[in-house]
$ cat structure_14.txt   # compact mmCIF, C-alpha atoms
# COMPACT_ATOMS: atom_id res chain seq x y z
CA MET A 28 -11.79 19.43 11.29
CA SER A 29 -8.23 18.77 10.09
CA ARG A 30 -7.73 16.85 6.89
CA TYR A 31 -5.56 14.20 8.45
CA GLU A 32 -5.44 12.32 11.71
CA ALA A 33 -1.77 12.39 12.77
CA THR A 34 0.01 10.32 15.41
CA ARG A 35 2.61 12.18 17.49
CA THR A 36 3.48 14.62 14.74
CA GLY A 37 1.98 17.89 15.94
CA VAL A 38 1.66 19.01 12.31
CA ASP A 39 -1.36 21.04 11.23
CA ARG A 40 -2.95 19.95 7.98
CA PRO A 41 -5.10 21.71 5.40
CA GLY A 42 -8.82 21.12 5.23
CA PRO A 43 -10.37 17.99 3.69
CA ARG A 44 -10.69 17.45 -0.04
CA VAL A 45 -13.93 16.04 -1.44
CA HIS A 46 -13.33 13.42 -4.11
CA PRO A 47 -15.51 12.98 -7.18
CA GLN A 48 -16.78 9.67 -5.81
CA GLY A 49 -18.99 11.61 -3.44
CA MET A 50 -17.09 11.32 -0.17
CA ASP A 51 -18.87 13.38 2.45
CA ASP A 52 -16.46 15.02 4.91
CA ARG A 53 -19.10 14.92 7.64
CA ARG A 54 -18.98 11.10 7.54
CA GLN A 55 -15.22 10.71 7.37
CA GLN A 56 -13.55 8.74 10.15
CA PRO A 57 -10.03 7.55 10.97
CA PRO A 58 -9.13 4.20 9.39
CA PRO A 59 -9.51 0.93 11.32
CA THR A 60 -6.65 -0.04 13.63
CA HIS A 61 -6.38 -3.72 12.74
CA TRP A 62 -4.25 -4.72 9.74
CA GLU A 63 -4.80 -7.88 7.72
CA SER A 64 -3.28 -9.28 4.55
CA TRP A 65 -5.50 -10.82 1.90
CA ASN A 66 -3.84 -12.76 -0.90
CA PRO A 67 -6.29 -13.93 -3.58
CA VAL A 68 -3.13 -14.23 -5.70
CA THR A 69 0.39 -15.27 -4.65
CA GLY A 70 3.61 -15.13 -6.61
CA CYS A 71 4.98 -12.50 -8.95
CA THR A 72 7.84 -11.55 -11.29
CA LYS A 73 10.32 -8.69 -11.04
CA VAL A 74 9.65 -5.48 -12.97
CA SER A 75 11.84 -2.78 -11.38
CA GLU A 76 14.73 -2.07 -9.04
CA GLY A 77 12.56 -2.22 -5.94
CA CYS A 78 11.88 -5.90 -6.68
CA ARG A 79 15.53 -6.95 -6.52
CA HIS A 80 15.43 -8.17 -2.90
CA CYS A 81 11.73 -9.02 -2.73
CA TYR A 82 10.76 -10.06 0.81
CA ALA A 83 7.76 -12.06 -0.48
CA GLU A 84 9.89 -14.08 -2.88
CA ARG A 85 12.44 -14.80 -0.15
CA PHE A 86 9.73 -16.13 2.10
CA ALA A 87 7.83 -18.20 -0.49
CA GLU A 88 10.90 -19.86 -1.98
CA ARG A 89 11.85 -21.26 1.43
CA TRP A 90 8.97 -23.71 1.09
CA ARG A 91 9.28 -24.70 -2.57
CA GLY A 92 8.95 -28.44 -3.07
CA ILE A 93 7.42 -29.22 0.32
CA PRO A 94 4.27 -31.25 -0.50
CA GLY A 95 1.07 -29.73 0.83
CA HIS A 96 2.63 -26.45 1.94
CA HIS A 97 0.84 -23.26 0.90
CA TYR A 98 4.01 -22.30 -1.01
CA GLU A 99 4.83 -25.74 -2.38
CA HIS A 100 5.36 -24.00 -5.75
CA GLY A 101 7.43 -21.21 -4.26
CA PHE A 102 6.83 -17.78 -5.74
CA ASP A 103 5.25 -19.01 -8.97
CA LEU A 104 2.16 -16.95 -9.74
CA GLN A 105 -1.00 -18.73 -8.56
CA LEU A 106 -4.63 -17.69 -8.31
CA ARG A 107 -6.19 -18.50 -4.93
CA PRO A 108 -9.95 -18.42 -5.61
CA GLU A 109 -10.66 -20.20 -2.32
CA ARG A 110 -9.53 -17.00 -0.57
CA LEU A 111 -11.69 -14.59 -2.55
CA GLU A 112 -14.51 -14.28 -0.02
CA LEU A 113 -12.42 -14.12 3.14
CA PRO A 114 -13.00 -10.37 3.75
CA LEU A 115 -16.75 -10.94 3.74
CA HIS A 116 -16.36 -13.04 6.89
CA TRP A 117 -14.33 -10.48 8.86
CA ARG A 118 -16.82 -8.55 10.96
CA GLN A 119 -14.39 -6.17 12.64
CA PRO A 120 -13.38 -3.33 10.27
CA ARG A 121 -9.82 -3.82 9.08
CA ARG A 122 -7.20 -2.21 6.90
CA VAL A 123 -6.43 -4.85 4.32
CA PHE A 124 -3.21 -5.09 2.33
CA VAL A 125 -4.35 -6.70 -0.93
CA ASP A 126 -1.91 -9.18 -2.47
CA SER A 127 1.06 -8.47 -0.24
CA MET A 128 2.52 -11.61 -1.84
CA SER A 129 1.82 -10.60 -5.44
CA ASP A 130 0.69 -7.73 -7.69
CA LEU A 131 -3.01 -7.73 -8.56
CA PHE A 132 -2.26 -6.08 -11.91
CA HIS A 133 0.27 -8.67 -13.05
CA GLY A 134 -0.26 -9.40 -16.74
CA ARG A 135 -0.92 -13.10 -16.20
CA ILE A 136 -3.89 -12.51 -13.87
CA PRO A 137 -7.09 -12.69 -15.95
CA ASP A 138 -9.13 -9.50 -16.28
CA ALA A 139 -12.21 -11.29 -14.96
CA TYR A 140 -10.35 -12.37 -11.82
CA VAL A 141 -9.21 -8.81 -11.08
CA ARG A 142 -12.84 -7.71 -11.42
CA GLU A 143 -13.89 -10.44 -8.97
CA VAL A 144 -11.41 -9.12 -6.42
CA PHE A 145 -12.75 -5.58 -6.83
CA ALA A 146 -16.33 -6.81 -6.53
CA ILE A 147 -15.50 -8.42 -3.18
CA MET A 148 -13.87 -5.19 -1.96
CA GLU A 149 -16.97 -3.26 -2.95
CA ARG A 150 -19.18 -5.67 -1.02
CA ALA A 151 -16.92 -5.65 2.06
CA SER A 152 -17.46 -1.94 2.65
CA GLN A 153 -16.60 -2.18 6.37
CA HIS A 154 -12.91 -2.59 5.48
CA VAL A 155 -10.34 -0.30 3.88
CA PHE A 156 -8.41 -2.05 1.11
CA HIS A 157 -4.90 -0.94 0.13
CA VAL A 158 -4.08 -2.07 -3.42
CA LEU A 159 -0.51 -1.51 -4.59
CA THR A 160 1.02 -2.09 -8.03
CA LYS A 161 4.21 -1.59 -9.98
CA ARG A 162 2.31 -2.14 -13.24
CA PRO A 163 0.55 1.15 -14.04
CA GLU A 164 -0.12 0.27 -17.68
CA ARG A 165 -2.33 -2.67 -16.71
CA LEU A 166 -3.96 -0.55 -14.02
CA LEU A 167 -4.93 2.08 -16.58
CA GLN A 168 -6.15 -0.59 -18.97
CA LEU A 169 -8.51 -2.14 -16.42
CA ALA A 170 -9.50 0.94 -14.37
CA PRO A 171 -12.53 1.90 -16.54
CA THR A 172 -13.99 -1.60 -16.04
CA LEU A 173 -13.62 -1.68 -12.24
CA PRO A 174 -15.79 -0.29 -9.42
CA TRP A 175 -14.06 2.37 -7.31
CA PRO A 176 -15.86 2.53 -3.96
CA PRO A 177 -14.45 4.86 -1.26
CA ASN A 178 -12.98 1.95 0.73
CA VAL A 179 -10.56 0.97 -2.05
CA TRP A 180 -7.31 2.93 -1.80
CA MET A 181 -5.17 2.60 -4.92
CA GLY A 182 -1.41 3.00 -4.85
CA VAL A 183 1.75 2.63 -6.90
CA THR A 184 5.35 2.04 -5.87
CA VAL A 185 7.83 4.81 -6.66
CA GLU A 186 11.20 3.74 -5.28
CA ARG A 187 13.26 6.18 -7.38
CA MET A 188 12.54 9.07 -9.71
CA ASP A 189 13.02 6.65 -12.63
CA TYR A 190 9.54 5.36 -11.82
CA ALA A 191 7.75 8.67 -11.22
CA ALA A 192 5.53 8.05 -14.25
CA ARG A 193 3.66 5.52 -12.12
CA ALA A 194 2.33 8.42 -10.03
CA ASP A 195 1.20 10.18 -13.22
CA ALA A 196 -0.75 7.07 -14.15
CA LEU A 197 -2.26 6.85 -10.67
CA ARG A 198 -3.67 10.36 -11.01
CA ARG A 199 -5.76 9.11 -13.94
CA VAL A 200 -7.46 6.46 -11.79
CA PRO A 201 -10.78 7.49 -10.13
CA ALA A 202 -9.86 6.09 -6.70
CA ALA A 203 -11.19 7.86 -3.62
CA VAL A 204 -7.71 7.75 -2.05
CA ARG A 205 -4.46 7.59 -4.03
CA HIS A 206 -1.23 6.63 -2.30
CA ILE A 207 2.43 6.23 -3.16
CA SER A 208 4.68 3.61 -1.62
CA ALA A 209 8.27 4.84 -1.50
CA GLU A 210 9.48 1.53 -0.11
CA PRO A 211 12.17 0.54 -0.48
CA LEU A 212 13.28 4.14 -0.95
CA LEU A 213 16.30 3.92 -3.27
CA GLY A 214 16.89 7.55 -4.13
CA PRO A 215 15.67 11.11 -3.59
CA LEU A 216 12.16 11.96 -4.78
CA ASP A 217 12.65 15.73 -4.79
CA ALA A 218 10.93 16.16 -8.15
CA LEU A 219 8.00 13.83 -7.50
CA ASP A 220 4.66 15.51 -8.25
CA LEU A 221 2.37 15.10 -5.23
CA ALA A 222 -0.69 16.68 -6.84
CA ASP A 223 -3.84 14.62 -6.15
CA ILE A 224 -1.90 12.21 -3.94
CA ASP A 225 -3.41 11.60 -0.50
CA LEU A 226 -0.82 9.45 1.25
CA VAL A 227 2.88 8.65 0.96
CA ILE A 228 4.32 5.63 2.80
CA ALA A 229 8.12 5.48 2.93
CA GLY A 230 10.60 3.03 4.36
CA GLY A 231 13.96 1.36 4.02
CA GLU A 232 14.71 -2.03 2.52
CA SER A 233 14.93 -5.16 4.66
CA GLY A 234 17.04 -8.27 4.27
CA ALA A 235 20.70 -9.23 4.31
CA GLU A 236 21.44 -7.36 1.05
CA ARG A 237 19.43 -4.26 1.90
CA ARG A 238 20.30 -0.87 0.41
CA PRO A 239 19.89 1.63 3.28
CA PRO A 240 18.10 4.92 2.46
CA ASP A 241 19.84 8.25 2.94
CA ALA A 242 18.25 10.21 5.79
CA ASP A 243 18.05 13.30 3.60
CA TRP A 244 15.94 11.43 1.05
CA LEU A 245 13.39 10.69 3.77
CA ARG A 246 13.51 14.18 5.25
CA GLY A 247 13.03 15.74 1.85
CA LEU A 248 10.05 13.55 1.05
CA ARG A 249 8.47 14.14 4.46
CA ASP A 250 8.93 17.90 4.22
CA ARG A 251 7.38 18.01 0.77
CA CYS A 252 4.39 16.01 2.03
CA VAL A 253 3.96 18.38 4.97
CA ALA A 254 4.08 21.40 2.65
CA ALA A 255 1.59 19.84 0.22
CA GLY A 256 -0.85 18.61 2.89
CA VAL A 257 -0.22 14.97 1.98
CA ALA A 258 -0.36 12.37 4.78
CA PHE A 259 3.05 10.83 5.45
CA THR A 260 3.88 7.52 7.12
CA PHE A 261 7.41 6.31 7.83
CA LYS A 262 7.49 2.54 8.27
CA GLY A 263 11.08 2.27 9.39
CA TRP A 264 14.74 2.33 8.41
CA GLY A 265 14.86 -1.35 7.56
CA GLY A 266 17.48 -3.88 8.53
CA ARG A 267 17.63 -7.63 8.44
CA GLY A 268 14.01 -7.27 9.53
CA GLN A 269 11.73 -4.34 8.64
CA ARG A 270 11.54 -3.03 12.21
CA ASP A 271 15.20 -3.56 13.14
CA GLY A 272 16.26 0.03 12.48
CA GLY A 273 13.33 1.58 14.33
CA ARG A 274 10.65 3.97 13.11
CA LEU A 275 11.87 7.31 14.40
CA LEU A 276 12.61 10.06 11.89
CA ASP A 277 14.15 13.11 13.54
CA GLY A 278 13.01 11.91 16.94
CA ARG A 279 9.37 11.13 16.21
CA GLU A 280 7.15 8.57 14.54
CA TRP A 281 5.20 9.59 11.46
CA GLN A 282 1.99 7.59 11.13
CA GLU A 283 -0.50 9.74 9.26
CA SER A 284 -3.44 8.62 7.19
CA PRO A 285 -6.32 10.16 5.26
CA PRO A 286 -9.76 9.72 6.82
CA VAL A 287 -12.12 7.11 5.43
CA VAL A 288 -15.84 6.75 4.92
CA GLY A 289 -17.83 4.02 6.60
CA ALA A 290 -15.20 2.24 8.72
CA GLY A 291 -14.56 2.88 12.38
CA GLY A 292 -11.47 2.66 14.51
CA GLY A 293 -8.20 4.53 14.90
CA GLU A 294 -4.99 4.39 12.91
CA ASP A 295 -1.67 2.66 13.09
CA GLY A 296 0.44 3.67 10.14
CA ALA A 297 1.04 0.80 7.74
CA PRO A 298 1.66 -2.95 7.96
CA ALA A 299 5.18 -4.23 8.39
CA LYS A 300 6.42 -6.22 5.42
CA GLY A 301 7.37 -9.73 6.36
CA SER A 302 5.03 -9.82 9.34
CA GLN A 303 3.06 -13.03 9.80
CA GLY A 304 -0.13 -11.40 8.57
CA ALA A 305 1.50 -10.46 5.28
CA LEU A 306 2.48 -13.95 4.21
CA PHE A 307 -0.70 -15.85 3.36
$ encode --input "structure_14.txt" --output "structure tokens"
Amino acid sequence: MSRYEATRTGVDRPGPRVHPQGMDDRRQQPPPTHWESWNPVTGCTKVSEGCRHCYAERFAERWRGIPGHHYEHGFDLQLRPERLELPLHWRQPRRVFVDSMSDLFHGRIPDAYVREVFAIMERASQHVFHVLTKRPERLLQLAPTLPWPPNVWMGVTVERMDYAARADALRRVPAAVRHISAEPLLGPLDALDLADIDLVIAGGESGAERRPPDADWLRGLRDRCVAAGVAFTFKGWGGRGQRDGGRLLDGREWQESPPVVGAGGGEDGAPAKGSQGALF
């Protein structure tokens, strides 16, 4: 059995790696096909260059001041406890982007609330949860107090080599699957250490002030993933909208993913930022 399920890549992969959490390769399956966003927190603050043209902020601020709207307070950080148990009511297995409109490890989110979110993810074992942060220090602080079931995939954003230390922090977290988001890709990642990384998701920036990625940055990252046996997904070149530039890299789509335990279905790369499902 190959380590990764690839879509239209034709790339052979090395054999599966067993994680310390007890993942059994005989029970591994492709991830679910259906993507959902789950936002028990909305709002955030900028911490690095990849935040400069934040799609979530652009969307939320459109509605600031409109009484009764979900984003009446714009992109101000808000806990949404009424949304905590939503995944427990989704029967069909889904891939869930956690806090697409925030960062779960923001310093103003109480420790107890982060633990509540993780407890829900542990209970909703039929889904695969993608958690992404640009705040590795808080992640490392809380990691020993959190459950790390196989359906929780932990990731960090590395948009340029300036932020490669986030990947070093991620390696210290006992997640079953560790992933790097190189989106928006703002520079070459030729020196990025891919040891103990299972998935890299790359893409260009979207919006009117986007900074387009160099094709060689993407090729270099893809080729290093192929050589290291790391799943690689290319979400697109970006444009005014995320999908405007297309998703082909050297004539093919790259939509790879590690297998999962306990959730059925196929795979479909990664969710598009700014899609309707990523806003609430």
$ atom_distance --input "structure_14.txt" --atom1 "atom CA of Pro177 of chain A" --atom2 "atom CA of Arg142 of chain A"
16.2 Å
$ closest_residue --input "structure_14.txt" --among "A:Arg107, A:Arg79, A:Arg187, A:His100" --to "Trp65 of chain A" --atoms "all atoms listed in the file"
A:Arg107
$ residues_near_point --input "structure_14.txt" --point "(11.4, 1.6, 5.3)" --cutoff "12 Å" --atoms "only C-alpha atoms" --output "JSON, numbers by chain"
{"A": [77, 186, 208, 209, 210, 211, 212, 213, 227, 228, 229, 230, 231, 232, 233, 234, 237, 238, 239, 240, 241, 242, 244, 245, 260, 261, 262, 263, 264, 265, 266, 267, 268, 269, 270, 271, 272, 273, 274, 275, 276, 281, 297, 298, 299, 300]}
$ closest_residue --input "structure_14.txt" --among "A:Trp180, A:Phe259, A:Tyr98, A:Trp90" --to "Glu149 of chain A" --atoms "only C-alpha atoms"
A:Trp180
$ residues_around --input "structure_14.txt" --residues "Ala255 of chain A" --least-positions-apart "3" --cutoff "8 Å" --atoms "all atoms listed in the file" --output "ChimeraX atom specification"
/A:221,251-252
$ write_last_selection --input "structure_14.txt" --atoms "C-alpha atoms" --output "PDB file, keeping the file's coordinate frame"
ATOM      1  CA  LEU A 221       2.370  15.100  -5.230  1.00  0.00           C
ATOM      2  CA  ARG A 251       7.380  18.010   0.770  1.00  0.00           C
ATOM      3  CA  CYS A 252       4.390  16.010   2.030  1.00  0.00           C
TER       4      CYS A 252
END
$ residues_near_point --input "structure_14.txt" --point "(7.7, -15.1, -7.4)" --cutoff "8 Å" --atoms "only C-alpha atoms" --output "PyMOL selection string"
chain A and resi 69-73+83-84+87-88+101-104+129
$ residues_around --input "structure_14.txt" --residues "Arg198 of chain A" --least-positions-apart "6" --cutoff "8 Å" --atoms "only C-alpha atoms" --output "list of chain:residue names"
A:Arg205, A:Asp223, A:Ile224
$ atom_distance --input "structure_14.txt" --atom1 "atom CA of Asp220 of chain A" --atom2 "atom CA of Leu173 of chain A"
25.4 Å
$ residues_around --input "structure_14.txt" --residues "Ala202 of chain A" --least-positions-apart "4" --cutoff "8 Å" --atoms "all atoms listed in the file" --output "list in words"
Gln48, Trp175, Pro176, Pro177, Val179, Trp180 and Met181 of chain A
$ build_atoms --input "structure_14.txt" --residues "segment 246-265 of chain A" --atoms "N, CA and C atoms" --output "JSON list (two decimals), keeping the file's coordinate frame"
[["chain", "number", "residue", "atom", "x", "y", "z"],
["A", 246, "ARG", "N", 13.88, 12.85, 4.76],
["A", 246, "ARG", "CA", 13.51, 14.18, 5.25],
["A", 246, "ARG", "C", 12.92, 15.02, 4.12],
["A", 247, "GLY", "N", 13.53, 14.95, 2.97],
["A", 247, "GLY", "CA", 13.03, 15.74, 1.85],
["A", 247, "GLY", "C", 11.62, 15.34, 1.45],
["A", 248, "LEU", "N", 11.37, 14.03, 1.41],
["A", 248, "LEU", "CA", 10.05, 13.55, 1.05],
["A", 248, "LEU", "C", 9.03, 13.93, 2.10],
["A", 249, "ARG", "N", 9.38, 13.75, 3.37],
["A", 249, "ARG", "CA", 8.47, 14.14, 4.46],
["A", 249, "ARG", "C", 8.14, 15.62, 4.40],
["A", 250, "ASP", "N", 9.16, 16.46, 4.22],
["A", 250, "ASP", "CA", 8.93, 17.90, 4.22],
["A", 250, "ASP", "C", 8.06, 18.32, 3.06],
["A", 251, "ARG", "N", 8.22, 17.68, 1.92],
["A", 251, "ARG", "CA", 7.38, 18.01, 0.77],
["A", 251, "ARG", "C", 5.94, 17.58, 1.01],
["A", 252, "CYS", "N", 5.75, 16.44, 1.69],
["A", 252, "CYS", "CA", 4.39, 16.01, 2.03],
["A", 252, "CYS", "C", 3.74, 17.00, 2.99],
["A", 253, "VAL", "N", 4.49, 17.42, 4.01],
["A", 253, "VAL", "CA", 3.96, 18.38, 4.97],
["A", 253, "VAL", "C", 3.54, 19.66, 4.26],
["A", 254, "ALA", "N", 4.38, 20.16, 3.36],
["A", 254, "ALA", "CA", 4.08, 21.40, 2.65],
["A", 254, "ALA", "C", 2.88, 21.26, 1.73],
["A", 255, "ALA", "N", 2.68, 20.06, 1.18],
["A", 255, "ALA", "CA", 1.59, 19.84, 0.22],
["A", 255, "ALA", "C", 0.31, 19.37, 0.90],
["A", 256, "GLY", "N", 0.34, 19.11, 2.21],
["A", 256, "GLY", "CA", -0.85, 18.61, 2.89],
["A", 256, "GLY", "C", -1.14, 17.17, 2.56],
["A", 257, "VAL", "N", -0.09, 16.39, 2.29],
["A", 257, "VAL", "CA", -0.22, 14.97, 1.98],
["A", 257, "VAL", "C", 0.16, 14.16, 3.23],
["A", 258, "ALA", "N", -0.68, 13.20, 3.62],
["A", 258, "ALA", "CA", -0.36, 12.37, 4.78],
["A", 258, "ALA", "C", 0.93, 11.60, 4.53],
["A", 259, "PHE", "N", 1.75, 11.50, 5.58],
["A", 259, "PHE", "CA", 3.05, 10.83, 5.45],
["A", 259, "PHE", "C", 3.21, 9.80, 6.56],
["A", 260, "THR", "N", 3.58, 8.58, 6.17],
["A", 260, "THR", "CA", 3.88, 7.52, 7.12],
["A", 260, "THR", "C", 5.28, 7.01, 6.85],
["A", 261, "PHE", "N", 6.07, 6.89, 7.91],
["A", 261, "PHE", "CA", 7.41, 6.31, 7.83],
["A", 261, "PHE", "C", 7.39, 4.96, 8.51],
["A", 262, "LYS", "N", 7.60, 3.89, 7.73],
["A", 262, "LYS", "CA", 7.49, 2.54, 8.27],
["A", 262, "LYS", "C", 8.75, 2.06, 8.98],
["A", 263, "GLY", "N", 9.87, 2.69, 8.71],
["A", 263, "GLY", "CA", 11.08, 2.27, 9.39],
["A", 263, "GLY", "C", 12.29, 2.30, 8.49],
["A", 264, "TRP", "N", 13.47, 2.24, 9.13],
["A", 264, "TRP", "CA", 14.74, 2.33, 8.41],
["A", 264, "TRP", "C", 15.10, 1.04, 7.72],
["A", 265, "GLY", "N", 14.50, -0.06, 8.12],
["A", 265, "GLY", "CA", 14.86, -1.35, 7.56],
["A", 265, "GLY", "C", 16.06, -1.95, 8.29]]
